[in-house]
$ cat work-v3.cif   # mmCIF, C-alpha atoms
data_my_file
loop_
_atom_site.group_PDB
_atom_site.id
_atom_site.type_symbol
_atom_site.label_atom_id
_atom_site.label_comp_id
_atom_site.auth_asym_id
_atom_site.auth_seq_id
_atom_site.Cartn_x
_atom_site.Cartn_y
_atom_site.Cartn_z
ATOM 1 C CA MET A 952 -10.083 14.370 -17.697
ATOM 2 C CA VAL A 953 -7.717 11.450 -17.188
ATOM 3 C CA GLU A 954 -4.028 12.061 -16.480
ATOM 4 C CA GLU A 955 -1.220 9.565 -15.973
ATOM 5 C CA ILE A 956 0.714 10.490 -12.825
ATOM 6 C CA MET A 957 3.285 7.713 -13.026
ATOM 7 C CA SER A 958 3.371 4.131 -14.199
ATOM 8 C CA ASN A 959 -0.109 2.610 -13.644
ATOM 9 C CA ILE A 960 -1.334 5.492 -11.447
ATOM 10 C CA TYR A 961 -3.920 7.811 -12.995
ATOM 11 C CA LYS A 962 -5.920 10.831 -11.858
ATOM 12 C CA ILE A 963 -9.565 11.006 -12.923
ATOM 13 C CA GLU A 964 -11.152 14.435 -12.499
ATOM 14 C CA VAL A 965 -14.725 14.129 -11.229
ATOM 15 C CA PRO A 966 -16.806 17.350 -11.377
ATOM 16 C CA LEU A 967 -18.641 18.457 -8.247
ATOM 17 C CA PRO A 968 -21.570 20.485 -9.649
ATOM 18 C CA GLY A 969 -22.528 23.520 -7.583
ATOM 19 C CA ASN A 970 -19.723 22.956 -5.083
ATOM 20 C CA PRO A 971 -16.909 25.498 -4.551
ATOM 21 C CA LEU A 972 -14.333 22.684 -4.615
ATOM 22 C CA LYS A 973 -15.334 22.196 -8.287
ATOM 23 C CA VAL A 974 -13.537 18.872 -8.845
ATOM 24 C CA LEU A 975 -12.601 15.726 -6.951
ATOM 25 C CA ASN A 976 -9.332 14.015 -7.811
ATOM 26 C CA ALA A 977 -10.112 10.298 -7.893
ATOM 27 C CA TYR A 978 -7.139 8.001 -8.511
ATOM 28 C CA LEU A 979 -6.938 4.656 -10.238
ATOM 29 C CA VAL A 980 -4.042 2.307 -9.582
ATOM 30 C CA LYS A 981 -3.907 -0.429 -12.211
ATOM 31 C CA GLY A 982 -2.721 -3.835 -11.144
ATOM 32 C CA ARG A 983 -2.438 -7.380 -12.432
ATOM 33 C CA GLY A 984 -5.910 -8.824 -12.049
ATOM 34 C CA ARG A 985 -7.217 -6.184 -9.606
ATOM 35 C CA ASN A 986 -7.233 -2.385 -9.733
ATOM 36 C CA LEU A 987 -7.759 0.116 -6.914
ATOM 37 C CA LEU A 988 -9.979 3.197 -7.223
ATOM 38 C CA ILE A 989 -9.378 5.832 -4.547
ATOM 39 C CA ASP A 990 -12.484 7.965 -3.781
ATOM 40 C CA THR A 991 -15.569 8.423 -5.960
ATOM 41 C CA GLY A 992 -17.297 11.828 -6.016
ATOM 42 C CA PHE A 993 -20.874 12.756 -5.102
ATOM 43 C CA ASN A 994 -23.831 10.477 -5.694
ATOM 44 C CA GLN A 995 -24.820 12.574 -8.711
ATOM 45 C CA PRO A 996 -25.271 11.640 -12.389
ATOM 46 C CA ALA A 997 -22.487 13.993 -13.533
ATOM 47 C CA CYS A 998 -20.026 12.408 -11.114
ATOM 48 C CA LEU A 999 -21.007 8.878 -12.086
ATOM 49 C CA GLU A 1000 -20.704 9.690 -15.782
ATOM 50 C CA ALA A 1001 -17.244 11.257 -15.432
ATOM 51 C CA LEU A 1002 -15.921 8.460 -13.245
ATOM 52 C CA SER A 1003 -17.385 5.705 -15.425
ATOM 53 C CA ASN A 1004 -15.918 7.337 -18.547
ATOM 54 C CA GLY A 1005 -12.522 7.592 -16.871
ATOM 55 C CA LEU A 1006 -12.546 3.935 -15.851
ATOM 56 C CA SER A 1007 -13.617 2.965 -19.378
ATOM 57 C CA ILE A 1008 -10.795 4.981 -20.968
ATOM 58 C CA LEU A 1009 -8.333 3.197 -18.684
ATOM 59 C CA GLY A 1010 -9.810 -0.220 -19.392
ATOM 60 C CA ALA A 1011 -10.674 -0.786 -15.725
ATOM 61 C CA ALA A 1012 -13.785 -2.933 -15.400
ATOM 62 C CA ILE A 1013 -15.540 -2.323 -12.096
ATOM 63 C CA GLU A 1014 -15.720 -6.106 -11.546
ATOM 64 C CA GLU A 1015 -11.913 -6.051 -11.453
ATOM 65 C CA THR A 1016 -11.649 -2.913 -9.322
ATOM 66 C CA ASP A 1017 -11.569 -2.489 -5.547
ATOM 67 C CA ILE A 1018 -12.346 0.863 -3.891
ATOM 68 C CA PHE A 1019 -10.571 2.792 -1.132
ATOM 69 C CA ILE A 1020 -12.442 5.592 0.648
ATOM 70 C CA THR A 1021 -10.150 8.088 2.380
ATOM 71 C CA HIS A 1022 -12.907 9.560 4.537
ATOM 72 C CA LEU A 1023 -16.616 9.948 5.113
ATOM 73 C CA HIS A 1024 -17.465 13.139 3.189
ATOM 74 C CA ALA A 1025 -19.948 12.643 0.350
ATOM 75 C CA ASP A 1026 -17.631 14.057 -2.329
ATOM 76 C CA HIS A 1027 -15.313 11.122 -1.546
ATOM 77 C CA CYS A 1028 -17.745 8.289 -0.783
ATOM 78 C CA GLY A 1029 -21.059 9.232 -2.410
ATOM 79 C CA LEU A 1030 -20.910 6.786 -5.317
ATOM 80 C CA VAL A 1031 -19.515 3.803 -3.454
ATOM 81 C CA SER A 1032 -22.732 1.781 -3.275
ATOM 82 C CA ALA A 1033 -23.566 2.602 -6.906
ATOM 83 C CA LEU A 1034 -20.124 1.547 -8.156
ATOM 84 C CA ALA A 1035 -19.060 -1.424 -6.066
ATOM 85 C CA SER A 1036 -19.683 -4.791 -7.671
ATOM 86 C CA GLU A 1037 -20.166 -8.050 -5.786
ATOM 87 C CA LYS A 1038 -16.481 -8.733 -6.411
ATOM 88 C CA SER A 1039 -15.269 -5.325 -5.204
ATOM 89 C CA VAL A 1040 -13.498 -5.016 -1.870
ATOM 90 C CA VAL A 1041 -14.317 -1.609 -0.380
ATOM 91 C CA TYR A 1042 -11.713 -0.304 2.074
ATOM 92 C CA CYS A 1043 -12.243 2.476 4.617
ATOM 93 C CA GLY A 1044 -11.032 3.366 8.081
ATOM 94 C CA GLU A 1045 -13.175 1.766 10.768
ATOM 95 C CA VAL A 1046 -14.331 5.039 12.347
ATOM 96 C CA ASP A 1047 -15.440 6.706 9.101
ATOM 97 C CA ALA A 1048 -16.884 3.488 7.661
ATOM 98 C CA GLU A 1049 -19.208 3.220 10.638
ATOM 99 C CA ARG A 1050 -20.193 6.853 10.271
ATOM 100 C CA ILE A 1051 -20.924 6.585 6.529
ATOM 101 C CA ASN A 1052 -23.485 3.879 7.264
ATOM 102 C CA TRP A 1053 -24.769 5.718 10.345
ATOM 103 C CA SER A 1054 -25.441 8.801 8.197
ATOM 104 C CA LEU A 1055 -28.133 6.819 6.372
ATOM 105 C CA SER A 1056 -30.133 6.257 9.558
ATOM 106 C CA PRO A 1057 -33.380 8.276 9.950
ATOM 107 C CA THR A 1058 -32.153 10.190 13.015
ATOM 108 C CA TYR A 1059 -28.584 11.018 11.966
ATOM 109 C CA TRP A 1060 -29.150 14.529 10.648
ATOM 110 C CA SER A 1061 -31.642 15.570 13.333
ATOM 111 C CA ASP A 1062 -29.213 14.332 16.022
ATOM 112 C CA ASN A 1063 -26.388 16.324 14.475
ATOM 113 C CA LEU A 1064 -28.598 19.390 14.150
ATOM 114 C CA ALA A 1065 -29.367 19.213 17.883
ATOM 115 C CA PHE A 1066 -25.652 18.741 18.626
ATOM 116 C CA SER A 1067 -24.688 21.839 16.622
ATOM 117 C CA GLU A 1068 -27.477 23.869 18.215
ATOM 118 C CA SER A 1069 -26.145 22.939 21.666
ATOM 119 C CA TYR A 1070 -22.933 24.806 20.764
ATOM 120 C CA GLY A 1071 -24.873 28.002 20.025
ATOM 121 C CA PHE A 1072 -25.374 27.784 16.272
ATOM 122 C CA PRO A 1073 -28.589 29.780 15.544
ATOM 123 C CA LEU A 1074 -31.304 27.265 14.722
ATOM 124 C CA GLN A 1075 -32.715 29.161 11.728
ATOM 125 C CA ASP A 1076 -29.279 29.405 10.074
ATOM 126 C CA LEU A 1077 -28.519 25.833 11.066
ATOM 127 C CA ASN A 1078 -31.635 24.500 9.345
ATOM 128 C CA LYS A 1079 -30.672 26.301 6.132
ATOM 129 C CA ALA A 1080 -27.130 24.944 6.315
ATOM 130 C CA MET A 1081 -28.331 21.393 6.936
ATOM 131 C CA GLN A 1082 -30.746 21.554 3.985
ATOM 132 C CA ARG A 1083 -27.866 22.504 1.696
ATOM 133 C CA HIS A 1084 -25.427 20.012 3.198
ATOM 134 C CA PRO A 1085 -23.954 17.741 0.481
ATOM 135 C CA GLY A 1086 -23.992 14.830 2.910
ATOM 136 C CA GLN A 1087 -27.787 14.943 3.008
ATOM 137 C CA LYS A 1088 -28.149 15.243 -0.749
ATOM 138 C CA TYR A 1089 -25.346 13.208 -2.301
ATOM 139 C CA SER A 1090 -24.412 10.380 0.106
ATOM 140 C CA PRO A 1091 -24.546 6.681 -0.862
ATOM 141 C CA ASP A 1092 -27.971 5.207 -1.543
ATOM 142 C CA SER A 1093 -27.506 2.241 0.765
ATOM 143 C CA GLU A 1094 -25.306 0.869 3.508
ATOM 144 C CA GLN A 1095 -21.985 -0.557 2.405
ATOM 145 C CA VAL A 1096 -20.057 -3.576 3.626
ATOM 146 C CA PHE A 1097 -16.568 -2.218 4.281
ATOM 147 C CA ASN A 1098 -13.271 -3.973 4.707
ATOM 148 C CA THR A 1099 -12.040 -1.736 7.512
ATOM 149 C CA VAL A 1100 -8.366 -0.809 7.716
ATOM 150 C CA ARG A 1101 -6.132 0.589 10.428
ATOM 151 C CA GLU A 1102 -2.669 2.113 10.851
ATOM 152 C CA ASN A 1103 0.067 0.160 9.007
ATOM 153 C CA ASP A 1104 -2.331 -2.125 7.129
ATOM 154 C CA VAL A 1105 -1.000 -2.739 3.606
ATOM 155 C CA ILE A 1106 -2.947 -2.844 0.337
ATOM 156 C CA GLU A 1107 -1.016 -4.289 -2.606
ATOM 157 C CA VAL A 1108 -1.902 -3.291 -6.168
ATOM 158 C CA GLY A 1109 0.434 -4.378 -8.962
ATOM 159 C CA ASP A 1110 3.934 -3.149 -8.143
ATOM 160 C CA TYR A 1111 2.719 -0.826 -5.374
ATOM 161 C CA ARG A 1112 2.342 -1.536 -1.662
ATOM 162 C CA PHE A 1113 0.269 1.162 0.026
ATOM 163 C CA THR A 1114 0.481 1.522 3.792
ATOM 164 C CA CYS A 1115 -2.510 2.969 5.639
ATOM 165 C CA VAL A 1116 -1.711 6.092 7.686
ATOM 166 C CA GLU A 1117 -4.316 7.253 10.199
ATOM 167 C CA THR A 1118 -4.669 11.054 10.017
ATOM 168 C CA PRO A 1119 -7.663 12.096 12.148
ATOM 169 C CA GLY A 1120 -8.678 15.752 12.161
ATOM 170 C CA HIS A 1121 -10.520 16.630 8.960
ATOM 171 C CA THR A 1122 -12.780 13.713 9.876
ATOM 172 C CA PRO A 1123 -12.531 11.413 12.890
ATOM 173 C CA GLY A 1124 -11.265 8.453 10.858
ATOM 174 C CA HIS A 1125 -9.444 10.002 7.890
ATOM 175 C CA ILE A 1126 -6.809 7.692 6.351
ATOM 176 C CA CYS A 1127 -4.050 8.452 3.837
ATOM 177 C CA LEU A 1128 -2.161 5.915 1.738
ATOM 178 C CA TYR A 1129 1.659 5.927 1.600
ATOM 179 C CA GLU A 1130 3.787 4.043 -0.922
ATOM 180 C CA PRO A 1131 7.315 3.926 0.554
ATOM 181 C CA ASP A 1132 9.244 2.882 -2.564
ATOM 182 C CA SER A 1133 7.867 5.674 -4.763
ATOM 183 C CA LYS A 1134 7.422 8.007 -1.743
ATOM 184 C CA ILE A 1135 3.845 8.857 -2.760
ATOM 185 C CA LEU A 1136 1.218 10.018 -0.273
ATOM 186 C CA VAL A 1137 -2.419 9.862 -1.340
ATOM 187 C CA SER A 1138 -3.627 12.510 1.073
ATOM 188 C CA GLY A 1139 -7.412 12.680 0.644
ATOM 189 C CA ASP A 1140 -8.357 15.992 2.283
ATOM 190 C CA HIS A 1141 -5.694 15.850 4.992
ATOM 191 C CA ILE A 1142 -3.303 17.999 2.928
ATOM 192 C CA LEU A 1143 -4.479 20.308 0.137
ATOM 193 C CA GLU A 1144 -2.392 22.705 -1.936
ATOM 194 C CA ASN A 1145 -3.880 26.203 -1.743
ATOM 195 C CA ILE A 1146 -6.933 25.704 0.459
ATOM 196 C CA THR A 1147 -7.284 24.616 4.058
ATOM 197 C CA PRO A 1148 -9.234 21.495 5.062
ATOM 198 C CA ASN A 1149 -12.140 22.270 7.355
ATOM 199 C CA ILE A 1150 -11.889 20.918 10.882
ATOM 200 C CA THR A 1151 -15.299 20.029 12.283
ATOM 201 C CA MET A 1152 -16.660 19.069 15.687
ATOM 202 C CA PHE A 1153 -18.709 15.918 15.060
ATOM 203 C CA LEU A 1154 -21.321 14.280 17.241
ATOM 204 C CA ARG A 1155 -19.577 11.156 18.570
ATOM 205 C CA GLY A 1156 -16.372 12.440 16.983
ATOM 206 C CA LEU A 1157 -12.976 13.619 18.228
ATOM 207 C CA SER A 1158 -12.868 15.526 21.514
ATOM 208 C CA ASP A 1159 -10.160 17.843 20.123
ATOM 209 C CA PRO A 1160 -10.325 17.695 16.304
ATOM 210 C CA LEU A 1161 -8.011 20.671 15.739
ATOM 211 C CA GLY A 1162 -5.410 19.268 18.121
ATOM 212 C CA GLN A 1163 -5.659 15.872 16.407
ATOM 213 C CA TYR A 1164 -5.286 17.528 13.016
ATOM 214 C CA PHE A 1165 -2.067 19.259 14.090
ATOM 215 C CA LYS A 1166 -0.716 15.936 15.385
ATOM 216 C CA SER A 1167 -1.602 14.322 12.056
ATOM 217 C CA LEU A 1168 0.218 17.115 10.191
ATOM 218 C CA ASP A 1169 3.317 16.564 12.333
ATOM 219 C CA LYS A 1170 3.091 12.827 11.712
ATOM 220 C CA VAL A 1171 3.023 13.281 7.938
ATOM 221 C CA ASP A 1172 5.773 15.923 8.062
ATOM 222 C CA ARG A 1173 8.117 13.299 9.505
ATOM 223 C CA MET A 1174 7.564 11.031 6.489
ATOM 224 C CA ASP A 1175 9.791 10.834 3.417
ATOM 225 C CA ILE A 1176 7.412 12.108 0.718
ATOM 226 C CA SER A 1177 8.239 13.115 -2.846
ATOM 227 C CA LEU A 1178 4.738 13.471 -4.260
ATOM 228 C CA VAL A 1179 1.334 14.167 -2.706
ATOM 229 C CA LEU A 1180 -1.854 13.183 -4.519
ATOM 230 C CA PRO A 1181 -4.614 15.237 -2.839
ATOM 231 C CA GLY A 1182 -8.381 14.925 -3.110
ATOM 232 C CA HIS A 1183 -8.685 18.408 -4.637
ATOM 233 C CA ARG A 1184 -6.602 20.930 -6.534
ATOM 234 C CA ARG A 1185 -2.953 20.572 -7.528
ATOM 235 C CA ILE A 1186 -0.667 17.571 -7.088
ATOM 236 C CA MET A 1187 2.219 18.614 -4.824
ATOM 237 C CA SER A 1188 5.941 17.872 -4.852
ATOM 238 C CA ASP A 1189 6.823 20.372 -2.111
ATOM 239 C CA VAL A 1190 4.744 19.072 0.821
ATOM 240 C CA HIS A 1191 7.369 20.009 3.431
ATOM 241 C CA LYS A 1192 7.834 23.554 2.094
ATOM 242 C CA GLY A 1193 5.671 25.182 4.740
ATOM 243 C CA SER A 1194 7.053 23.142 7.633
ATOM 244 C CA LEU A 1195 8.269 24.984 10.726
ATOM 245 C CA ASN A 1196 10.593 22.107 11.653
#

$ encode --input "work-v3.cif" --output "C-alpha cells"
Amino acid sequence: MVEEIMSNIYKIEVPLPGNPLKVLNAYLVKGRGRNLLIDTGFNQPACLEALSNGLSILGAAIEETDIFITHLHADHCGLVSALASEKSVVYCGEVDAERINWSLSPTYWSDNLAFSESYGFPLQDLNKAMQRHPGQKYSPDSEQVFNTVRENDVIEVGDYRFTCVETPGHTPGHICLYEPDSKILVSGDHILENITPNITMFLRGLSDPLGQYFKSLDKVDRMDISLVLPGHRRIMSDVHKGSLN
C-alpha cells in the first residue's frame, strides 16, 4: 500500500513475512532530479516486490533514487544491495554502516553467539535463536559502499532539508531524520507507537545501551516535532504525550 503523508512524502508498506512486526514503513521523498528512499525491508522476494511496486506507482526510478538506512537491522537494510543502482547514494550512520558490512563476514555470527553465551544465555536456546535470527536469513547479499553521516549532517531532497539526529540505543548507530520547517521526525525504530523497541547488548556495541536509549529519548523530547514517521505501526502526531517533563 502507498499512502501520501504530505506533499512529496509517501509511505510504502513493505510486508515482513513470518515476522511479528508484520510490516515495515518505508518512506519515499520525491525531489527534483533525485528522490530519497528511507529503509527497505528484508532481503526477501515479497519485500522486493512490494517496494518495487510502490516505487513504480510513484514514478520513482531507482536510478534517480538515493537510499537512507536508519539502522542496521535486516528489516530496514536487507534490500539495500539489491536496490541500489550505480547512481544511488546510500546513506547510513558510520557505526551501523560498518556493522552491516561486518555482519557479512564468516565469523560475525559465531563471534556474537560466543558473546551472548558469555552473559549466561543457554547455548542450546541460543543456537535455536541464532538460526531463526532475521539478520542471518535476510541481510544484504553483498557489502555496500555507504556515504556515512553524523549528527547535524543535512540531506536535501526537493523542498525538504533533513537533519541527521544520532539516537543510539536500539542499535549502536541508529539515526533519525528531522525536517525543521515541517517539524517531521523520521524515527526508524527509535520511537514506535504501541510497541517498545528492543534494546540489545551488542558485541563491540554500546557499553550502556539502555542508558544511551534513555538519553536519546530525552534528546528527541526536547525537539519541536509535529509528526513522527516510524519504521513500524502508526504514524504519530502526539510524540510528547507520554513525556514526564

$ resolve_selection --input "work-v3.cif" --expression "the PyMOL selection byres ((chain A and resi 1182) around 10)" --output "ChimeraX atom specification"
/A:962,964,972,974-978,989-990,992,1021,1026-1027,1137-1144,1179-1181,1183-1186

$ closest_residue --input "work-v3.cif" --among "A:Lys973, A:Arg1050, A:Arg1083, A:Lys981" --to "Phe1097 in chain A" --atoms "all atoms listed in the file"
A:Arg1050

$ resolve_selection --input "work-v3.cif" --expression "the PyMOL selection byres ((chain A and resi 1045) around 8)" --output "number ranges by chain"
A: 1043-1044, 1046-1049, 1099-1101, 1124

$ closest_residue --input "work-v3.cif" --among "A:Pro1131, A:Pro1073, A:Gly1005, A:Gly1010" --to "Ile1176 in chain A" --atoms "only C-alpha atoms"
A:Pro1131

$ closest_residue --input "work-v3.cif" --among "A:Asp1189, A:Leu1002, A:Gln1095, A:Gln1082" --to "Val1040 in chain A" --atoms "only C-alpha atoms"
A:Gln1095

$ closest_residue --input "work-v3.cif" --among "A:Gln1163, A:Asn986, A:Gln995, A:Ser1067" --to "Glu1015 in chain A" --atoms "only C-alpha atoms"
A:Asn986

$ closest_residue --input "work-v3.cif" --among "A:Ser1036, A:Ser1177, A:Ser958, A:Asn1078" --to "Glu1014 in chain A" --atoms "all atoms listed in the file"
A:Ser1036

$ atom_distance --input "work-v3.cif" --atom1 "CA of Cys1127 in chain A" --atom2 "CA of Gly1109 in chain A"
18.7 Å

$ atom_distance --input "work-v3.cif" --atom1 "CA of Pro1123 in chain A" --atom2 "CA of Gly1156 in chain A"
5.7 Å

$ closest_residue --input "work-v3.cif" --among "A:Ile1008, A:Val953, A:Leu1030, A:Val1190" --to "Glu1094 in chain A" --atoms "only C-alpha atoms"
A:Leu1030

$ atom_distance --input "work-v3.cif" --atom1 "CA of Gly1086 in chain A" --atom2 "CA of Tyr1059 in chain A"
10.8 Å

$ residues_around --input "work-v3.cif" --residues "His1191 in chain A" --least-positions-apart "5" --cutoff "10 Å" --atoms "only C-alpha atoms" --output "list in words"
Val1171, Asp1172, Arg1173, Met1174, Asp1175, Ile1176, Ser1177 and Asn1196 of chain A

$ resolve_selection --input "work-v3.cif" --expression "the PyMOL selection byres ((chain A and resi 1093) around 12)" --output "list of chain:residue names"
A:Asn994, A:Cys1028, A:Gly1029, A:Leu1030, A:Val1031, A:Ser1032, A:Ala1033, A:Leu1034, A:Ala1035, A:Ile1051, A:Asn1052, A:Trp1053, A:Ser1054, A:Leu1055, A:Ser1056, A:Tyr1089, A:Ser1090, A:Pro1091, A:Asp1092, A:Glu1094, A:Gln1095, A:Val1096

$ residues_around --input "work-v3.cif" --residues "Leu1178 in chain A" --least-positions-apart "4" --cutoff "7 Å" --atoms "only C-alpha atoms" --output "JSON, numbers by chain"
{"A": [1134, 1135, 1136, 1187, 1188]}

$ residues_around --input "work-v3.cif" --residues "Tyr961 in chain A" --least-positions-apart "3" --cutoff "6 Å" --atoms "only C-alpha atoms" --output "ChimeraX atom specification"
/A:954-956,978-979

$ residues_around --input "work-v3.cif" --residues "His1121 in chain A" --least-positions-apart "5" --cutoff "9 Å" --atoms "all atoms listed in the file" --output "PyMOL selection string"
chain A and resi 1022+1140-1141+1148-1151+1160-1161+1163-1164

$ residues_around --input "work-v3.cif" --residues "Pro1085 in chain A" --least-positions-apart "6" --cutoff "9 Å" --atoms "all atoms listed in the file" --output "PDB file with C-alpha atoms, keeping the file's coordinate frame"
ATOM      1  CA  ASN A 970     -19.723  22.956  -5.083  1.00  0.00           C
ATOM      2  CA  PHE A 993     -20.874  12.756  -5.102  1.00  0.00           C
ATOM      3  CA  HIS A1024     -17.465  13.139   3.189  1.00  0.00           C
ATOM      4  CA  ALA A1025     -19.948  12.643   0.350  1.00  0.00           C
ATOM      5  CA  ASP A1026     -17.631  14.057  -2.329  1.00  0.00           C
TER       6      ASP A1026
END

$ decode --input "work-v3.cif" --residues "range 1073-1082 of chain A" --atoms "all heavy atoms" --output "short mmCIF file (atom, residue, chain, number, x, y, z; two decimals), in the first residue's frame"
data_model
loop_
_atom_site.label_atom_id
_atom_site.label_comp_id
_atom_site.auth_asym_id
_atom_site.auth_seq_id
_atom_site.Cartn_x
_atom_site.Cartn_y
_atom_site.Cartn_z
N PRO A 1073 21.73 -19.72 27.72
CA PRO A 1073 21.94 -21.16 27.50
C PRO A 1073 22.27 -21.45 26.04
O PRO A 1073 21.55 -21.01 25.13
CB PRO A 1073 20.59 -21.77 27.91
CG PRO A 1073 19.97 -20.77 28.83
CD PRO A 1073 20.42 -19.43 28.33
N LEU A 1074 23.32 -22.19 25.81
CA LEU A 1074 23.83 -22.40 24.46
C LEU A 1074 22.81 -23.07 23.54
O LEU A 1074 22.67 -22.69 22.37
CB LEU A 1074 25.11 -23.22 24.50
CG LEU A 1074 25.83 -23.42 23.17
CD1 LEU A 1074 26.19 -22.09 22.54
CD2 LEU A 1074 27.08 -24.28 23.35
N GLN A 1075 22.08 -24.06 24.06
CA GLN A 1075 21.10 -24.75 23.22
C GLN A 1075 20.02 -23.79 22.74
O GLN A 1075 19.66 -23.77 21.55
CB GLN A 1075 20.46 -25.90 23.99
CG GLN A 1075 19.47 -26.72 23.16
CD GLN A 1075 18.93 -27.92 23.94
OE1 GLN A 1075 19.37 -28.22 25.03
NE2 GLN A 1075 17.96 -28.60 23.36
N ASP A 1076 19.49 -22.96 23.65
CA ASP A 1076 18.47 -21.98 23.27
C ASP A 1076 19.08 -20.91 22.37
O ASP A 1076 18.41 -20.41 21.45
CB ASP A 1076 17.88 -21.31 24.52
CG ASP A 1076 17.11 -22.29 25.39
OD1 ASP A 1076 16.67 -23.34 24.85
OD2 ASP A 1076 16.97 -22.04 26.59
N LEU A 1077 20.31 -20.56 22.62
CA LEU A 1077 20.98 -19.54 21.83
C LEU A 1077 21.15 -19.98 20.38
O LEU A 1077 20.92 -19.21 19.45
CB LEU A 1077 22.34 -19.21 22.46
CG LEU A 1077 23.15 -18.07 21.84
CD1 LEU A 1077 22.36 -16.79 21.87
CD2 LEU A 1077 24.46 -17.91 22.58
N ASN A 1078 21.54 -21.23 20.18
CA ASN A 1078 21.69 -21.76 18.83
C ASN A 1078 20.37 -21.71 18.06
O ASN A 1078 20.34 -21.33 16.88
CB ASN A 1078 22.21 -23.19 18.87
CG ASN A 1078 23.72 -23.26 19.04
OD1 ASN A 1078 24.44 -22.50 18.40
ND2 ASN A 1078 24.19 -24.16 19.87
N LYS A 1079 19.28 -22.06 18.73
CA LYS A 1079 17.96 -22.00 18.09
C LYS A 1079 17.60 -20.57 17.73
O LYS A 1079 17.09 -20.30 16.63
CB LYS A 1079 16.90 -22.59 19.02
CG LYS A 1079 17.01 -24.09 19.24
CD LYS A 1079 15.93 -24.58 20.19
CE LYS A 1079 16.04 -26.07 20.45
NZ LYS A 1079 15.02 -26.53 21.42
N ALA A 1080 17.88 -19.65 18.64
CA ALA A 1080 17.55 -18.24 18.39
C ALA A 1080 18.38 -17.69 17.23
O ALA A 1080 17.86 -16.96 16.38
CB ALA A 1080 17.81 -17.42 19.66
N MET A 1081 19.65 -18.04 17.18
CA MET A 1081 20.52 -17.56 16.12
C MET A 1081 20.09 -18.11 14.75
O MET A 1081 20.16 -17.42 13.74
CB MET A 1081 21.98 -17.93 16.40
CG MET A 1081 22.64 -17.11 17.50
SD MET A 1081 22.94 -15.41 16.97
CE MET A 1081 23.87 -14.79 18.38
N GLN A 1082 19.64 -19.37 14.72
CA GLN A 1082 19.21 -19.96 13.46
C GLN A 1082 17.97 -19.27 12.90
O GLN A 1082 17.78 -19.20 11.68
CB GLN A 1082 18.93 -21.45 13.66
CG GLN A 1082 20.19 -22.29 13.88
CD GLN A 1082 19.88 -23.70 14.35
OE1 GLN A 1082 18.72 -24.13 14.34
NE2 GLN A 1082 20.90 -24.43 14.77
#
